[in-house]
Amino acid sequence: MNYGFHPSPFGVVLVIATDRGLAGLAFAERGEEKATLDDMTRRWPKARYVEDAAATAPLAQRVFDPALWRSDRPLRIVMIGTDFEVRVWETLLRVPLGGATTYSAIASKVCTAKAARAVGAAVGRNPLSFVVPCHRVVGKNGDLTGYHWGLTRKRAILGWEAGKLSAAA
DNA sequence: AAACGAGGTTCCT
DNA sequence: AGGAACCTCGTTT
């Protein structure tokens, strides 16, 4: 796996890629790049990691520029996780830009309605932050309940998306 | 408003 | 294997 750190509208992002496509995308606080990398590599302990910012830079650029989200050049992604997690993430991928869903709604689709917390855990462990719209999930009552990389960042992303939406319209 | 328990899955020891 | 943690939710103090 190749990885590299790149600037983004929301801070530094760690991009992890395999020869089959994008595998990981995580936000890092300034100075905490190492911790973020550890956090990611823990997900796939058996993988070999090589820093190659040149390989990951184009991916980072593409992900954060909606103008490049074209169906004729789909972003290739690789989802590595348990059955449950992958199901949750695939459900999330169907949430449209600017849309929102709830943990319990996903839970009832993937498992039972009471698995909301499990969904929360799975969403939180989502290695493809931002690409998989884990930030468009809100609590049942419409509140932003939590975010692995900070509620502040979650709000920033939602605001950014709202801006992109009005720009497109 | 705060505390609590149920509930599903995964992580860590 | 056992316990704790998690981006939850509904109910009870």
# chains A, B, ... in the order shown; residues from 1 in each chain; ligands from 1
>>> closest_atom_pairs(of="chain B", to="chain C", cutoff="8 Å", atoms="only C-alpha atoms (C1' of nucleotides)", output="tab-separated table")
residue	atom	partner	partner_atom	distance
B:DA3	C1'	C:DT13	C1'	7.5
B:DC4	C1'	C:DT12	C1'	7.7
B:DC11	C1'	C:DA5	C1'	7.8
>>> interface_residues(of="chain A", to="chain C", cutoff="12 Å", atoms="only C-alpha atoms (C1' of nucleotides)", output="MDAnalysis selection string")
chainID A and resid 102:107 113:126 129 134:141 143:151 154
>>> interface_residues(of="chain B", to="chain A", cutoff="7 Å", atoms="only C-alpha atoms (C1' of nucleotides)", output="PyMOL selection string")
chain B and resi 7-9
>>> write_last_selection(atoms="C-alpha atoms (C1' of nucleotides)", output="PDB file, in the first residue's frame")
ATOM      1  C1'  DG B   7     -28.556  -3.618  21.953  1.00  0.00           C
ATOM      2  C1'  DG B   8     -24.927  -5.211  17.837  1.00  0.00           C
ATOM      3  C1'  DT B   9     -20.273  -5.349  16.630  1.00  0.00           C
TER       4       DT B   9
END
>>> select_by_dssp(residues="range 5-117 of chain A", states="alpha helix (DSSP H)", output="MDAnalysis selection string")
chainID A and resid 33:41 53:63 83:93 103:110 116:117
>>> atom_distance(atom1="CA of Pro127 in chain A", atom2="CA of Gly24 in chain A")
5.0 Å
>>> atom_distance(atom1="CA of Arg153 in chain A", atom2="CA of Glu29 in chain A")
10.7 Å
>>> residues_around(residues="Lys164 in chain A", least_positions_apart="2", cutoff="12 Å", atoms="only C-alpha atoms (C1' of nucleotides)", output="PyMOL selection string")
chain A and resi 64-67+97-98+157-162+166-169
>>> atom_distance(atom1="CA of Asp38 in chain A", atom2="CA of Ala26 in chain A")
11.1 Å
>>> select_by_dssp(residues="range 62-166 of chain A", states="strand (DSSP E or B)", output="PyMOL selection string")
chain A and resi 77+101-102+128-129+132+137-138
>>> write_last_selection(atoms="N, CA and C atoms", output="tab-separated table (two decimals), in the first residue's frame")
chain	number	residue	atom	x	y	z
A	77	ILE	N	-12.22	2.54	-5.57
A	77	ILE	CA	-11.98	2.41	-4.14
A	77	ILE	C	-11.98	0.95	-3.73
A	101	THR	N	-28.83	11.01	6.55
A	101	THR	CA	-29.54	9.83	7.02
A	101	THR	C	-29.26	9.68	8.51
A	102	THR	N	-29.86	8.68	9.11
A	102	THR	CA	-29.66	8.51	10.54
A	102	THR	C	-29.05	7.14	10.81
A	128	LEU	N	-12.53	5.21	4.84
A	128	LEU	CA	-12.62	6.10	3.69
A	128	LEU	C	-13.40	7.36	4.06
A	129	SER	N	-12.99	7.96	5.13
A	129	SER	CA	-13.66	9.18	5.56
A	129	SER	C	-13.80	10.14	4.39
A	132	VAL	N	-16.62	7.96	1.67
A	132	VAL	CA	-17.85	7.42	2.22
A	132	VAL	C	-18.39	8.49	3.15
A	137	VAL	N	-24.33	11.47	8.27
A	137	VAL	CA	-25.16	10.69	9.18
A	137	VAL	C	-25.38	11.50	10.45
A	138	VAL	N	-26.63	11.64	10.81
A	138	VAL	CA	-26.95	12.39	12.02
A	138	VAL	C	-27.76	11.51	12.96
>>> residues_around(residues="Ala53 in chain A", least_positions_apart="2", cutoff="7 Å", atoms="only C-alpha atoms (C1' of nucleotides)", output="ChimeraX atom specification")
/A:3-5,51,55-57
>>> decode(residues="chain B", atoms="all heavy atoms", output="CSV table (one decimal), in the first residue's frame")
chain,number,residue,atom,x,y,z
B,1,DA,P,-32.4,21.6,29.1
B,1,DA,OP1,-32.4,20.9,27.9
B,1,DA,OP2,-32.0,22.9,29.3
B,1,DA,O5',-31.9,20.6,30.3
B,1,DA,C5',-31.3,21.1,31.5
B,1,DA,C4',-30.8,20.0,32.3
B,1,DA,O4',-31.8,19.1,32.7
B,1,DA,C3',-29.7,19.2,31.6
B,1,DA,O3',-28.6,19.0,32.6
B,1,DA,C2',-30.4,17.9,31.2
B,1,DA,C1',-31.4,17.8,32.4
B,1,DA,N9,-32.6,17.0,31.9
B,1,DA,C8,-33.3,17.2,30.8
B,1,DA,N7,-34.3,16.3,30.7
B,1,DA,C5,-34.3,15.6,31.9
B,1,DA,C6,-35.0,14.5,32.4
B,1,DA,N6,-36.1,14.1,31.7
B,1,DA,N1,-34.7,14.0,33.6
B,1,DA,C2,-33.6,14.5,34.2
B,1,DA,N3,-32.8,15.5,33.8
B,1,DA,C4,-33.2,16.0,32.6
B,2,DA,P,-27.2,18.5,32.2
B,2,DA,OP1,-26.2,19.3,32.8
B,2,DA,OP2,-27.2,18.2,30.7
B,2,DA,O5',-27.3,17.1,32.9
B,2,DA,C5',-27.6,17.1,34.3
B,2,DA,C4',-27.8,15.6,34.7
B,2,DA,O4',-29.1,15.2,34.2
B,2,DA,C3',-26.7,14.7,34.2
B,2,DA,O3',-26.4,13.8,35.3
B,2,DA,C2',-27.4,14.0,33.1
B,2,DA,C1',-28.9,13.9,33.6
B,2,DA,N9,-29.9,13.7,32.5
B,2,DA,C8,-30.0,14.4,31.3
B,2,DA,N7,-31.0,14.0,30.6
B,2,DA,C5,-31.6,13.1,31.4
B,2,DA,C6,-32.8,12.3,31.2
B,2,DA,N6,-33.6,12.3,30.2
B,2,DA,N1,-33.1,11.4,32.2
B,2,DA,C2,-32.4,11.4,33.3
B,2,DA,N3,-31.3,12.1,33.6
B,2,DA,C4,-31.0,12.9,32.6
B,3,DA,P,-25.1,12.8,35.1
B,3,DA,OP1,-24.1,13.3,36.0
B,3,DA,OP2,-24.8,12.6,33.7
B,3,DA,O5',-25.7,11.5,35.7
B,3,DA,C5',-26.9,11.5,36.5
B,3,DA,C4',-27.6,10.1,36.2
B,3,DA,O4',-28.5,10.3,35.2
B,3,DA,C3',-26.6,9.0,35.9
B,3,DA,O3',-27.0,7.9,36.7
B,3,DA,C2',-26.8,8.8,34.4
B,3,DA,C1',-28.3,9.2,34.3
B,3,DA,N9,-28.8,9.6,32.9
B,3,DA,C8,-28.2,10.5,32.1
B,3,DA,N7,-28.8,10.7,31.0
B,3,DA,C5,-29.9,9.8,31.1
B,3,DA,C6,-31.0,9.5,30.2
B,3,DA,N6,-31.1,10.1,29.0
B,3,DA,N1,-31.9,8.6,30.6
B,3,DA,C2,-31.7,8.0,31.8
B,3,DA,N3,-30.7,8.2,32.7
B,3,DA,C4,-29.9,9.1,32.3
B,4,DC,P,-26.2,6.5,36.6
B,4,DC,OP1,-26.2,5.9,37.9
B,4,DC,OP2,-24.9,6.8,35.8
B,4,DC,O5',-27.1,5.6,35.6
B,4,DC,C5',-28.5,5.7,35.8
B,4,DC,C4',-29.2,4.5,35.0
B,4,DC,O4',-29.6,5.1,33.8
B,4,DC,C3',-28.2,3.4,34.7
B,4,DC,O3',-28.8,2.2,34.7
B,4,DC,C2',-27.8,3.8,33.3
B,4,DC,C1',-29.0,4.3,32.7
B,4,DC,N1,-28.9,5.3,31.6
B,4,DC,C2,-29.8,5.3,30.6
B,4,DC,O2,-30.8,4.6,30.6
B,4,DC,N3,-29.7,6.2,29.5
B,4,DC,C4,-28.6,7.0,29.5
B,4,DC,N4,-28.5,7.8,28.4
B,4,DC,C5,-27.6,6.9,30.5
B,4,DC,C6,-27.8,6.1,31.5
B,5,DG,P,-27.9,0.8,34.8
B,5,DG,OP1,-28.1,0.2,36.2
B,5,DG,OP2,-26.6,1.1,34.3
B,5,DG,O5',-28.7,-0.1,33.8
B,5,DG,C5',-30.2,0.0,33.7
B,5,DG,C4',-30.6,-0.4,32.3
B,5,DG,O4',-30.4,0.7,31.4
B,5,DG,C3',-29.8,-1.6,31.8
B,5,DG,O3',-30.8,-2.4,31.1
B,5,DG,C2',-28.8,-1.0,30.9
B,5,DG,C1',-29.6,0.2,30.3
B,5,DG,N9,-28.8,1.3,29.8
B,5,DG,C8,-27.7,1.8,30.3
B,5,DG,N7,-27.2,2.8,29.6
B,5,DG,C5,-28.1,2.9,28.6
B,5,DG,C6,-28.1,3.9,27.5
B,5,DG,O6,-27.3,4.8,27.2
B,5,DG,N1,-29.2,3.7,26.7
B,5,DG,C2,-30.2,2.7,26.8
B,5,DG,N2,-31.1,2.6,25.9
B,5,DG,N3,-30.2,1.8,27.8
B,5,DG,C4,-29.1,2.0,28.7
B,6,DA,P,-30.3,-3.9,30.8
B,6,DA,OP1,-31.2,-4.9,31.5
B,6,DA,OP2,-28.8,-4.0,30.9
B,6,DA,O5',-30.7,-4.0,29.3
B,6,DA,C5',-32.0,-3.5,28.9
B,6,DA,C4',-32.0,-3.3,27.4
B,6,DA,O4',-31.3,-2.1,27.0
B,6,DA,C3',-31.4,-4.5,26.6
B,6,DA,O3',-32.2,-4.8,25.5
B,6,DA,C2',-30.0,-3.9,26.2
B,6,DA,C1',-30.4,-2.4,26.0
B,6,DA,N9,-29.3,-1.5,26.2
B,6,DA,C8,-28.3,-1.6,27.1
B,6,DA,N7,-27.4,-0.6,27.1
B,6,DA,C5,-27.8,0.1,25.9
B,6,DA,C6,-27.3,1.3,25.3
B,6,DA,N6,-26.2,1.9,25.7
B,6,DA,N1,-28.0,1.7,24.2
B,6,DA,C2,-29.1,1.1,23.8
B,6,DA,N3,-29.6,0.0,24.3
B,6,DA,C4,-29.0,-0.4,25.4
B,7,DG,P,-32.0,-6.2,24.9
B,7,DG,OP1,-33.3,-6.7,24.5
B,7,DG,OP2,-31.0,-7.0,25.6
B,7,DG,O5',-31.3,-5.7,23.5
B,7,DG,C5',-31.9,-4.7,22.7
B,7,DG,C4',-30.8,-4.3,21.7
B,7,DG,O4',-29.9,-3.4,22.4
B,7,DG,C3',-29.9,-5.5,21.3
B,7,DG,O3',-30.1,-5.8,19.9
B,7,DG,C2',-28.5,-5.0,21.5
B,7,DG,C1',-28.6,-3.6,22.0
B,7,DG,N9,-27.7,-3.4,23.1
B,7,DG,C8,-27.3,-4.3,24.1
B,7,DG,N7,-26.5,-3.9,24.9
B,7,DG,C5,-26.2,-2.6,24.4
B,7,DG,C6,-25.3,-1.6,24.9
B,7,DG,O6,-24.6,-1.7,25.9
B,7,DG,N1,-25.3,-0.5,24.2
B,7,DG,C2,-26.1,-0.3,23.1
B,7,DG,N2,-26.0,0.9,22.4
B,7,DG,N3,-26.9,-1.2,22.6
B,7,DG,C4,-26.9,-2.3,23.3
B,8,DG,P,-29.3,-7.2,19.5
B,8,DG,OP1,-30.2,-7.9,18.5
B,8,DG,OP2,-28.7,-7.9,20.6
B,8,DG,O5',-28.1,-6.5,18.7
B,8,DG,C5',-28.3,-5.8,17.5
B,8,DG,C4',-27.0,-5.5,16.8
B,8,DG,O4',-26.2,-4.7,17.6
B,8,DG,C3',-26.2,-6.8,16.5
B,8,DG,O3',-25.6,-6.7,15.2
B,8,DG,C2',-25.1,-6.7,17.6
B,8,DG,C1',-24.9,-5.2,17.8
B,8,DG,N9,-24.5,-4.8,19.2
B,8,DG,C8,-25.0,-5.3,20.4
B,8,DG,N7,-24.5,-4.6,21.4
B,8,DG,C5,-23.6,-3.7,20.8
B,8,DG,C6,-22.8,-2.7,21.5
B,8,DG,O6,-22.6,-2.5,22.7
B,8,DG,N1,-22.1,-2.0,20.5
B,8,DG,C2,-22.2,-2.2,19.2
B,8,DG,N2,-21.4,-1.4,18.4
B,8,DG,N3,-23.0,-3.0,18.6
B,8,DG,C4,-23.6,-3.8,19.5
B,9,DT,P,-24.7,-7.8,14.7
B,9,DT,OP1,-24.9,-7.8,13.2
B,9,DT,OP2,-24.8,-9.0,15.5
B,9,DT,O5',-23.2,-7.2,14.9
B,9,DT,C5',-22.9,-6.0,14.3
B,9,DT,C4',-21.5,-5.5,14.7
B,9,DT,O4',-21.6,-5.1,16.1
B,9,DT,C3',-20.4,-6.5,14.5
B,9,DT,O3',-19.5,-5.9,13.6
B,9,DT,C2',-19.8,-6.6,15.9
B,9,DT,C1',-20.3,-5.3,16.6
B,9,DT,N1,-20.4,-5.4,18.1
B,9,DT,C2,-19.7,-4.6,18.9
B,9,DT,O2,-19.0,-3.7,18.4
B,9,DT,N3,-19.9,-4.7,20.2
B,9,DT,C4,-20.7,-5.6,20.9
B,9,DT,O4,-20.8,-5.6,22.1
B,9,DT,C5,-21.4,-6.5,20.0
B,9,DT,C7,-22.3,-7.6,20.6
B,9,DT,C6,-21.2,-6.4,18.7
B,10,DT,P,-18.2,-6.8,13.2
B,10,DT,OP1,-18.0,-6.5,11.8
B,10,DT,OP2,-18.3,-8.2,13.7
B,10,DT,O5',-17.1,-6.1,14.0
B,10,DT,C5',-17.1,-4.7,14.0
B,10,DT,C4',-16.0,-4.1,15.0
B,10,DT,O4',-16.5,-4.3,16.3
B,10,DT,C3',-14.7,-4.8,14.9
B,10,DT,O3',-13.7,-3.8,14.9
B,10,DT,C2',-14.6,-5.7,16.1
B,10,DT,C1',-15.4,-4.8,17.1
B,10,DT,N1,-16.0,-5.6,18.2
B,10,DT,C2,-15.9,-5.0,19.5
B,10,DT,O2,-15.2,-4.0,19.7
B,10,DT,N3,-16.5,-5.7,20.5
B,10,DT,C4,-17.2,-6.9,20.4
B,10,DT,O4,-17.7,-7.4,21.3
B,10,DT,C5,-17.3,-7.4,19.0
B,10,DT,C7,-18.1,-8.6,18.8
B,10,DT,C6,-16.7,-6.7,18.0
B,11,DC,P,-12.2,-4.3,14.6
B,11,DC,OP1,-11.6,-3.5,13.6
B,11,DC,OP2,-12.1,-5.8,14.6
B,11,DC,O5',-11.5,-3.8,16.0
B,11,DC,C5',-11.7,-2.5,16.5
B,11,DC,C4',-11.1,-2.3,17.8
B,11,DC,O4',-11.9,-3.0,18.8
B,11,DC,C3',-9.7,-2.9,17.9
B,11,DC,O3',-8.8,-1.9,18.6
B,11,DC,C2',-9.8,-4.2,18.7
B,11,DC,C1',-11.1,-3.9,19.6
B,11,DC,N1,-11.8,-5.1,19.9
B,11,DC,C2,-12.2,-5.3,21.2
B,11,DC,O2,-11.9,-4.5,22.1
B,11,DC,N3,-13.0,-6.4,21.5
B,11,DC,C4,-13.3,-7.3,20.5
B,11,DC,N4,-14.0,-8.4,20.9
B,11,DC,C5,-12.9,-7.1,19.2
B,11,DC,C6,-12.2,-6.0,18.9
B,12,DC,P,-7.3,-2.3,18.7
B,12,DC,OP1,-6.5,-1.1,18.5
B,12,DC,OP2,-6.9,-3.5,17.8
B,12,DC,O5',-7.1,-2.7,20.2
B,12,DC,C5',-7.7,-1.9,21.2
B,12,DC,C4',-7.5,-2.6,22.5
B,12,DC,O4',-8.4,-3.7,22.7
B,12,DC,C3',-6.1,-3.2,22.7
B,12,DC,O3',-5.5,-2.8,23.9
B,12,DC,C2',-6.3,-4.7,22.6
B,12,DC,C1',-7.7,-4.8,23.1
B,12,DC,N1,-8.5,-6.0,22.6
B,12,DC,C2,-9.2,-6.8,23.5
B,12,DC,O2,-9.2,-6.5,24.7
B,12,DC,N3,-9.9,-7.9,23.0
B,12,DC,C4,-9.8,-8.2,21.7
B,12,DC,N4,-10.5,-9.2,21.3
B,12,DC,C5,-9.1,-7.4,20.8
B,12,DC,C6,-8.4,-6.3,21.3
B,13,DT,P,-4.0,-3.4,24.2
B,13,DT,OP1,-3.2,-2.2,24.8
B,13,DT,OP2,-3.5,-4.1,23.0
B,13,DT,O5',-4.3,-4.4,25.4
B,13,DT,C5',-5.2,-4.0,26.4
B,13,DT,C4',-5.5,-5.2,27.3
B,13,DT,O4',-6.4,-6.2,26.7
B,13,DT,C3',-4.2,-6.0,27.6
B,13,DT,O3',-4.2,-6.4,29.0
B,13,DT,C2',-4.3,-7.2,26.7
B,13,DT,C1',-5.8,-7.4,26.7
B,13,DT,N1,-6.3,-8.2,25.5
B,13,DT,C2,-7.2,-9.1,25.7
B,13,DT,O2,-7.7,-9.4,26.8
B,13,DT,N3,-7.6,-9.8,24.6
B,13,DT,C4,-7.1,-9.6,23.3
B,13,DT,O4,-7.6,-10.2,22.4
B,13,DT,C5,-6.1,-8.6,23.2
B,13,DT,C7,-5.6,-8.2,21.8
B,13,DT,C6,-5.7,-7.9,24.3
